[in-house]
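For reference, coords-v4.tsv is printed below; it contains TSV, C-alpha atoms.
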chain	number	residue	atom	x	y	z
A	187	MET	CA	79.50	-1.73	-72.71
A	188	ASP	CA	83.18	-2.33	-72.10
A	189	LEU	CA	84.61	1.18	-71.77
A	190	PRO	CA	87.57	2.60	-69.83
A	191	GLU	CA	86.37	4.13	-66.58
A	192	ALA	CA	86.91	7.79	-67.52
A	193	ILE	CA	84.99	7.41	-70.80
A	194	ALA	CA	82.21	5.40	-69.15
A	195	ARG	CA	81.85	8.09	-66.49
A	196	ALA	CA	81.77	10.89	-69.09
A	197	CYS	CA	79.11	9.11	-71.18
A	198	ALA	CA	77.02	7.81	-68.27
A	199	PRO	CA	74.43	10.64	-68.31
A	200	LEU	CA	73.76	10.12	-72.02
A	201	PHE	CA	73.58	6.32	-71.79
A	202	ALA	CA	71.26	6.58	-68.77
A	203	THR	CA	68.96	9.01	-70.60
A	204	LEU	CA	69.12	7.21	-73.94
A	205	PRO	CA	69.94	3.50	-73.51
A	206	LEU	CA	71.45	1.71	-76.49
A	207	GLU	CA	68.19	-0.19	-77.06
A	208	GLN	CA	66.48	3.17	-77.73
A	209	ALA	CA	69.30	4.98	-79.52
A	210	MET	CA	69.42	5.20	-83.31
A	211	PRO	CA	65.78	4.09	-83.64
A	212	HIS	CA	65.73	4.46	-87.43
A	213	LEU	CA	67.85	2.95	-90.16
A	214	LEU	CA	67.66	6.13	-92.22
A	215	GLY	CA	67.45	9.81	-91.50
A	216	SER	CA	68.61	12.28	-88.94
A	217	HIS	CA	66.39	12.80	-85.92
A	218	PRO	CA	68.70	14.50	-83.39
A	219	VAL	CA	67.86	14.06	-79.72
A	220	HIS	CA	69.75	14.87	-76.52
A	221	THR	CA	72.31	17.00	-78.35
A	222	ALA	CA	72.78	19.20	-75.29
A	223	LEU	CA	73.94	16.13	-73.36
A	224	VAL	CA	76.53	15.36	-76.03
A	225	GLU	CA	77.73	18.97	-76.02
A	226	GLU	CA	78.23	18.63	-72.26
A	227	ILE	CA	80.09	15.32	-72.65
A	228	LEU	CA	82.42	16.86	-75.23
A	229	ARG	CA	83.82	19.15	-72.52
A	230	ASP	CA	85.08	16.15	-70.54
A	231	PRO	CA	88.88	15.66	-70.83
A	232	ALA	CA	88.37	11.94	-71.55
A	233	ILE	CA	86.36	12.79	-74.69
A	234	ARG	CA	87.19	16.27	-75.96
A	235	ASN	CA	90.33	15.38	-77.93
A	236	ARG	CA	89.02	12.06	-79.24
A	237	PRO	CA	87.35	12.75	-82.61
A	238	GLU	CA	86.62	9.04	-83.14
A	239	LEU	CA	84.48	9.01	-79.99
A	240	ILE	CA	82.90	12.34	-80.86
A	241	ALA	CA	81.82	11.13	-84.32
A	242	GLY	CA	80.25	8.10	-82.66
A	243	LEU	CA	78.44	10.11	-80.00
A	244	TRP	CA	76.84	12.32	-82.65
A	245	LEU	CA	75.65	9.21	-84.50
A	246	TYR	CA	74.28	7.80	-81.24
A	247	VAL	CA	71.96	10.81	-80.89
A	248	ASP	CA	71.11	10.80	-84.61
A	249	ASP	CA	72.90	14.04	-85.46
A	250	LEU	CA	74.27	12.91	-88.80
A	251	GLU	CA	75.45	16.37	-89.85
A	252	ARG	CA	77.69	16.85	-86.81
A	253	SER	CA	78.97	13.28	-87.05
A	254	HIS	CA	79.84	13.90	-90.70
A	255	THR	CA	81.70	17.11	-89.87
A	256	VAL	CA	83.89	15.19	-87.42
A	257	SER	CA	84.34	11.90	-89.29
A	258	GLN	CA	85.38	13.50	-92.57
A	259	LYS	CA	88.39	15.01	-90.79
A	260	ILE	CA	89.61	11.65	-89.43
A	261	ASP	CA	91.95	10.29	-92.11
A	262	THR	CA	92.21	6.74	-90.75
A	263	PRO	CA	90.31	3.48	-91.24
A	264	THR	CA	88.38	4.37	-88.06
A	265	GLY	CA	87.30	7.70	-89.54
A	266	ALA	CA	86.32	5.90	-92.74
A	267	PHE	CA	84.25	3.42	-90.70
A	268	TRP	CA	82.30	6.19	-88.90
A	269	HIS	CA	81.99	8.04	-92.22
A	270	GLY	CA	80.56	4.92	-93.89
A	271	ILE	CA	78.01	4.43	-91.12
A	272	MET	CA	76.94	8.07	-91.36
A	273	HIS	CA	76.41	7.88	-95.14
A	274	ARG	CA	74.47	4.63	-94.79
A	275	ARG	CA	72.24	6.28	-92.20
A	276	GLU	CA	71.56	9.21	-94.54
A	277	GLY	CA	70.68	6.81	-97.35
A	278	ASP	CA	73.71	7.61	-99.55
A	279	PHE	CA	74.55	3.94	-100.11
A	280	GLY	CA	77.13	4.46	-102.87
A	281	ASN	CA	79.12	6.86	-100.72
A	282	SER	CA	78.75	4.52	-97.76
A	283	ARG	CA	80.21	1.64	-99.77
A	284	TYR	CA	83.15	3.86	-100.78
A	285	TRP	CA	83.98	4.68	-97.14
A	286	PHE	CA	83.58	1.08	-96.04
A	287	ARG	CA	86.07	0.02	-98.73
A	288	ARG	CA	88.48	2.53	-97.18
A	289	ALA	CA	87.81	0.97	-93.75
A	290	ALA	CA	88.27	-2.60	-95.00
A	291	GLY	CA	91.51	-3.20	-93.07
A	292	HIS	CA	90.17	-1.88	-89.78
A	293	PRO	CA	91.32	-4.09	-86.86
A	294	LEU	CA	87.74	-4.36	-85.55
A	295	LEU	CA	86.62	-5.92	-88.83
A	296	VAL	CA	89.49	-8.39	-88.68
A	297	THR	CA	88.49	-9.56	-85.19
A	298	HIS	CA	84.72	-9.23	-85.75
A	299	PRO	CA	84.00	-10.32	-89.34
A	300	GLU	CA	80.34	-10.79	-88.41
A	301	LEU	CA	79.93	-7.00	-88.47
A	302	ASP	CA	80.33	-6.92	-92.28
A	303	PRO	CA	79.34	-3.27	-92.86
A	304	GLU	CA	79.04	-3.67	-96.64
A	305	ARG	CA	76.48	-6.44	-96.20
A	306	LEU	CA	74.58	-4.19	-93.79
A	307	VAL	CA	74.55	-1.40	-96.40
A	308	GLU	CA	72.96	-3.79	-98.89
A	309	ALA	CA	70.37	-4.98	-96.34
A	310	VAL	CA	69.42	-1.43	-95.36
A	311	ALA	CA	69.19	-0.42	-99.03
A	312	ARG	CA	66.70	-3.28	-99.60
A	313	ALA	CA	64.74	-2.72	-96.38
A	314	HIS	CA	61.36	-1.08	-96.45
A	315	GLY	CA	61.16	0.72	-93.12
A	316	ASP	CA	62.84	0.07	-89.81
A	317	ASP	CA	63.51	-3.66	-89.68
A	318	PRO	CA	64.07	-4.67	-86.01
A	319	ALA	CA	66.85	-7.13	-86.89
A	320	LEU	CA	68.70	-4.48	-88.91
A	321	LEU	CA	68.26	-1.93	-86.12
A	322	GLN	CA	69.83	-4.46	-83.75
A	323	GLN	CA	72.76	-4.92	-86.15
A	324	GLN	CA	73.13	-1.14	-86.44
A	325	ARG	CA	73.33	-0.81	-82.66
A	326	ALA	CA	75.74	-3.74	-82.32
A	327	GLU	CA	77.99	-2.19	-84.98
A	328	TRP	CA	77.93	1.18	-83.19
A	329	GLN	CA	78.65	-0.42	-79.82
A	330	ALA	CA	81.55	-2.49	-81.15
A	331	LEU	CA	83.18	0.47	-82.92
A	332	PHE	CA	82.63	2.91	-80.05
A	333	SER	CA	84.08	0.42	-77.55
A	334	TRP	CA	87.02	-0.26	-79.85
A	335	CYS	CA	87.69	3.48	-80.18
A	336	ALA	CA	87.48	3.96	-76.42
A	337	ARG	CA	90.09	1.25	-75.81
A	338	ASN	CA	92.39	2.23	-78.71
A	339	PRO	CA	93.29	5.92	-78.52
Take the structure I supplied and represent it as structure tokens, if you would.
Amino acid sequence: MDLPEAIARACAPLFATLPLEQAMPHLLGSHPVHTALVEEILRDPAIRNRPELIAGLWLYVDDLERSHTVSQKIDTPTGAFWHGIMHRREGDFGNSRYWFRRAAGHPLLVTHPELDPERLVEAVARAHGDDPALLQQQRAEWQALFSWCARNP
């Protein structure tokens, strides 16, 4: 993952314990793991005042409630993007679509139109279980947004 050095260093223990290929193992639901590691990371100066990164870290460990608490206070397209992902993950597809409409002008979506979060909402809504291809898209979306947030304070 392409992260600034200070953020990469802060997140290294979490990413070593829970590699991206194992993170967010379900399309729906909250199954929090390694929350103590995230709480530790949040003390790091590179992370602690970066709500966009914090919302993403809580999603990474499947703590949808804590991610929601953070993302709903970020009144930007980035906050709307994290908020949309969180609602999709909880299965509230209508609310997810609303937040993705608010994130429509996000610079990441302009440079990476293949992410298409609204199309992913529709695919997850139609899926029956944890489709490996959709899980891969979910992880790629998370990685792209987290990396973008890390490089764009």
Polymer residues at most 12 Å from (86.4, 5.5, -100.4) by all atoms listed in the file, as a VMD selection string: chain A and resid 258 261 to 263 265 to 267 269 to 270 273 279 to 290
For Gly215 of chain A, please output as a list in words all residues within 12 Å (counting all atoms listed in the file; exclusion window: fewer than 2 positions along the same chain). Met210, Pro211, His212, Leu213, His217, Pro218, Leu245, Val247, Asp248, Asp249, Leu250, Glu251, Ile271, Met272, His273, Arg274, Arg275, Glu276, Gly277, Asp278, Gly315 and Asp316 of chain A
What's the separation between atom CA of Thr203 of chain A and atom CA of Asp230 of chain A, in Å to one decimal place?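 About the pair atom CA of Thr203 of chain A and atom CA of Asp230 of chain A: they are 17.6 Å apart.
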Could you tell me how far atom CA of Pro339 of chain A sits from atom CA of Thr255 of chain A, in Å to one decimal place?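 Atom CA of Pro339 of chain A lies 19.7 Å from atom CA of Thr255 of chain A.
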The distance between atom CA of Met187 of chain A and atom CA of Ala326 of chain A is 10.5 Å
I'd like to know which of A:Leu295, A:Ala336, A:Val310, A:Ala198 is closest to Ile240 of chain A, using all atoms listed in the file.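 Of A:Leu295, A:Ala336, A:Val310, A:Ala198, the one nearest Ile240 of chain A, counting all atoms listed in the file, is A:Ala336.
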Find, counting all atoms listed in the file, the residue in A:Leu294, A:Cys197, A:Val307, A:Leu331 that gets nearest to Arg234 of chain A.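 Using all atoms listed in the file, the shortest distance to Arg234 of chain A belongs to A:Cys197.
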Any chance you could work out the axis-aligned box around segment 200-212 of chain A, listed atoms only, 3 Å on each side, giving centre and edge lengths in Å to one decimal, as lines of an AutoDock Vina configuration file?
center_x = 69.7
center_y = 5.0
center_z = -78.1
size_x = 14.0
size_y = 16.3
size_z = 24.7
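Distance check against Ala241 of chain A using all atoms listed in the file: of A:Ile260, A:Arg195, A:Glu207, A:Ala313, the minimum falls on A:Ile260.
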Radius query 12 Å about (75.7, -1.4, -82.6), atoms used: all atoms listed in the file, as a PyMOL selection string: chain A and resi 187+205-211+213+242+245-246+268+271+300-301+303+306+319-334
N, CA and C atoms for segment 225-255 of chain A, written as a PDB file, in the frame of the given file, could you do that?
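Saved file result_39.pdb follows:
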ATOM      1  N   GLU A 225      76.907  17.764 -76.133  1.00  0.00           N
ATOM      2  CA  GLU A 225      77.730  18.970 -76.020  1.00  0.00           C
ATOM      3  C   GLU A 225      78.394  19.054 -74.646  1.00  0.00           C
ATOM      4  N   GLU A 226      77.681  18.654 -73.620  1.00  0.00           N
ATOM      5  CA  GLU A 226      78.230  18.630 -72.260  1.00  0.00           C
ATOM      6  C   GLU A 226      79.342  17.585 -72.152  1.00  0.00           C
ATOM      7  N   ILE A 227      79.111  16.407 -72.698  1.00  0.00           N
ATOM      8  CA  ILE A 227      80.090  15.320 -72.650  1.00  0.00           C
ATOM      9  C   ILE A 227      81.377  15.717 -73.369  1.00  0.00           C
ATOM     10  N   LEU A 228      81.246  16.478 -74.440  1.00  0.00           N
ATOM     11  CA  LEU A 228      82.420  16.860 -75.230  1.00  0.00           C
ATOM     12  C   LEU A 228      83.381  17.756 -74.453  1.00  0.00           C
ATOM     13  N   ARG A 229      82.943  18.318 -73.367  1.00  0.00           N
ATOM     14  CA  ARG A 229      83.820  19.150 -72.520  1.00  0.00           C
ATOM     15  C   ARG A 229      84.704  18.289 -71.616  1.00  0.00           C
ATOM     16  N   ASP A 230      84.334  17.039 -71.437  1.00  0.00           N
ATOM     17  CA  ASP A 230      85.080  16.150 -70.540  1.00  0.00           C
ATOM     18  C   ASP A 230      86.454  15.843 -71.136  1.00  0.00           C
ATOM     19  N   PRO A 231      87.525  15.928 -70.334  1.00  0.00           N
ATOM     20  CA  PRO A 231      88.880  15.660 -70.830  1.00  0.00           C
ATOM     21  C   PRO A 231      89.044  14.267 -71.448  1.00  0.00           C
ATOM     22  N   ALA A 232      88.263  13.309 -71.005  1.00  0.00           N
ATOM     23  CA  ALA A 232      88.370  11.940 -71.550  1.00  0.00           C
ATOM     24  C   ALA A 232      87.833  11.849 -72.969  1.00  0.00           C
ATOM     25  N   ILE A 233      87.033  12.829 -73.381  1.00  0.00           N
ATOM     26  CA  ILE A 233      86.360  12.790 -74.690  1.00  0.00           C
ATOM     27  C   ILE A 233      86.829  13.894 -75.623  1.00  0.00           C
ATOM     28  N   ARG A 234      87.077  15.082 -75.113  1.00  0.00           N
ATOM     29  CA  ARG A 234      87.190  16.270 -75.960  1.00  0.00           C
ATOM     30  C   ARG A 234      88.244  16.221 -77.053  1.00  0.00           C
ATOM     31  N   ASN A 235      89.307  15.474 -76.881  1.00  0.00           N
ATOM     32  CA  ASN A 235      90.330  15.380 -77.930  1.00  0.00           C
ATOM     33  C   ASN A 235      90.320  14.022 -78.614  1.00  0.00           C
ATOM     34  N   ARG A 236      89.160  13.393 -78.646  1.00  0.00           N
ATOM     35  CA  ARG A 236      89.020  12.060 -79.240  1.00  0.00           C
ATOM     36  C   ARG A 236      87.969  12.108 -80.348  1.00  0.00           C
ATOM     37  N   PRO A 237      88.341  12.586 -81.545  1.00  0.00           N
ATOM     38  CA  PRO A 237      87.350  12.750 -82.610  1.00  0.00           C
ATOM     39  C   PRO A 237      86.622  11.453 -82.971  1.00  0.00           C
ATOM     40  N   GLU A 238      87.285  10.305 -82.828  1.00  0.00           N
ATOM     41  CA  GLU A 238      86.620   9.040 -83.140  1.00  0.00           C
ATOM     42  C   GLU A 238      85.421   8.812 -82.211  1.00  0.00           C
ATOM     43  N   LEU A 239      85.591   9.144 -80.937  1.00  0.00           N
ATOM     44  CA  LEU A 239      84.480   9.010 -79.990  1.00  0.00           C
ATOM     45  C   LEU A 239      83.412  10.062 -80.257  1.00  0.00           C
ATOM     46  N   ILE A 240      83.842  11.255 -80.601  1.00  0.00           N
ATOM     47  CA  ILE A 240      82.900  12.340 -80.860  1.00  0.00           C
ATOM     48  C   ILE A 240      82.016  12.023 -82.062  1.00  0.00           C
ATOM     49  N   ALA A 241      82.618  11.515 -83.141  1.00  0.00           N
ATOM     50  CA  ALA A 241      81.820  11.130 -84.320  1.00  0.00           C
ATOM     51  C   ALA A 241      80.783  10.089 -83.930  1.00  0.00           C
ATOM     52  N   GLY A 242      81.177   9.137 -83.103  1.00  0.00           N
ATOM     53  CA  GLY A 242      80.250   8.100 -82.660  1.00  0.00           C
ATOM     54  C   GLY A 242      79.146   8.632 -81.771  1.00  0.00           C
ATOM     55  N   LEU A 243      79.472   9.553 -80.884  1.00  0.00           N
ATOM     56  CA  LEU A 243      78.440  10.110 -80.000  1.00  0.00           C
ATOM     57  C   LEU A 243      77.383  10.872 -80.804  1.00  0.00           C
ATOM     58  N   TRP A 244      77.827  11.611 -81.828  1.00  0.00           N
ATOM     59  CA  TRP A 244      76.840  12.320 -82.650  1.00  0.00           C
ATOM     60  C   TRP A 244      75.937  11.342 -83.399  1.00  0.00           C
ATOM     61  N   LEU A 245      76.493  10.223 -83.861  1.00  0.00           N
ATOM     62  CA  LEU A 245      75.650   9.210 -84.500  1.00  0.00           C
ATOM     63  C   LEU A 245      74.653   8.616 -83.497  1.00  0.00           C
ATOM     64  N   TYR A 246      75.118   8.395 -82.284  1.00  0.00           N
ATOM     65  CA  TYR A 246      74.280   7.800 -81.240  1.00  0.00           C
ATOM     66  C   TYR A 246      73.004   8.603 -81.014  1.00  0.00           C
ATOM     67  N   VAL A 247      73.136   9.937 -81.108  1.00  0.00           N
ATOM     68  CA  VAL A 247      71.960  10.810 -80.890  1.00  0.00           C
ATOM     69  C   VAL A 247      71.340  11.253 -82.217  1.00  0.00           C
ATOM     70  N   ASP A 248      71.704  10.572 -83.291  1.00  0.00           N
ATOM     71  CA  ASP A 248      71.110  10.800 -84.610  1.00  0.00           C
ATOM     72  C   ASP A 248      71.421  12.161 -85.225  1.00  0.00           C
ATOM     73  N   ASP A 249      72.519  12.772 -84.842  1.00  0.00           N
ATOM     74  CA  ASP A 249      72.900  14.040 -85.460  1.00  0.00           C
ATOM     75  C   ASP A 249      73.932  13.734 -86.547  1.00  0.00           C
ATOM     76  N   LEU A 250      73.409  13.349 -87.715  1.00  0.00           N
ATOM     77  CA  LEU A 250      74.270  12.910 -88.800  1.00  0.00           C
ATOM     78  C   LEU A 250      75.172  14.036 -89.311  1.00  0.00           C
ATOM     79  N   GLU A 251      74.660  15.238 -89.345  1.00  0.00           N
ATOM     80  CA  GLU A 251      75.450  16.370 -89.850  1.00  0.00           C
ATOM     81  C   GLU A 251      76.694  16.603 -88.990  1.00  0.00           C
ATOM     82  N   ARG A 252      76.519  16.616 -87.682  1.00  0.00           N
ATOM     83  CA  ARG A 252      77.690  16.850 -86.810  1.00  0.00           C
ATOM     84  C   ARG A 252      78.640  15.656 -86.857  1.00  0.00           C
ATOM     85  N   SER A 253      78.107  14.446 -86.934  1.00  0.00           N
ATOM     86  CA  SER A 253      78.970  13.280 -87.050  1.00  0.00           C
ATOM     87  C   SER A 253      79.794  13.361 -88.335  1.00  0.00           C
ATOM     88  N   HIS A 254      79.150  13.777 -89.421  1.00  0.00           N
ATOM     89  CA  HIS A 254      79.840  13.900 -90.700  1.00  0.00           C
ATOM     90  C   HIS A 254      80.967  14.927 -90.622  1.00  0.00           C
ATOM     91  N   THR A 255      80.685  16.058 -90.009  1.00  0.00           N
ATOM     92  CA  THR A 255      81.700  17.110 -89.870  1.00  0.00           C
ATOM     93  C   THR A 255      82.946  16.573 -89.179  1.00  0.00           C
TER      94      THR A 255
END
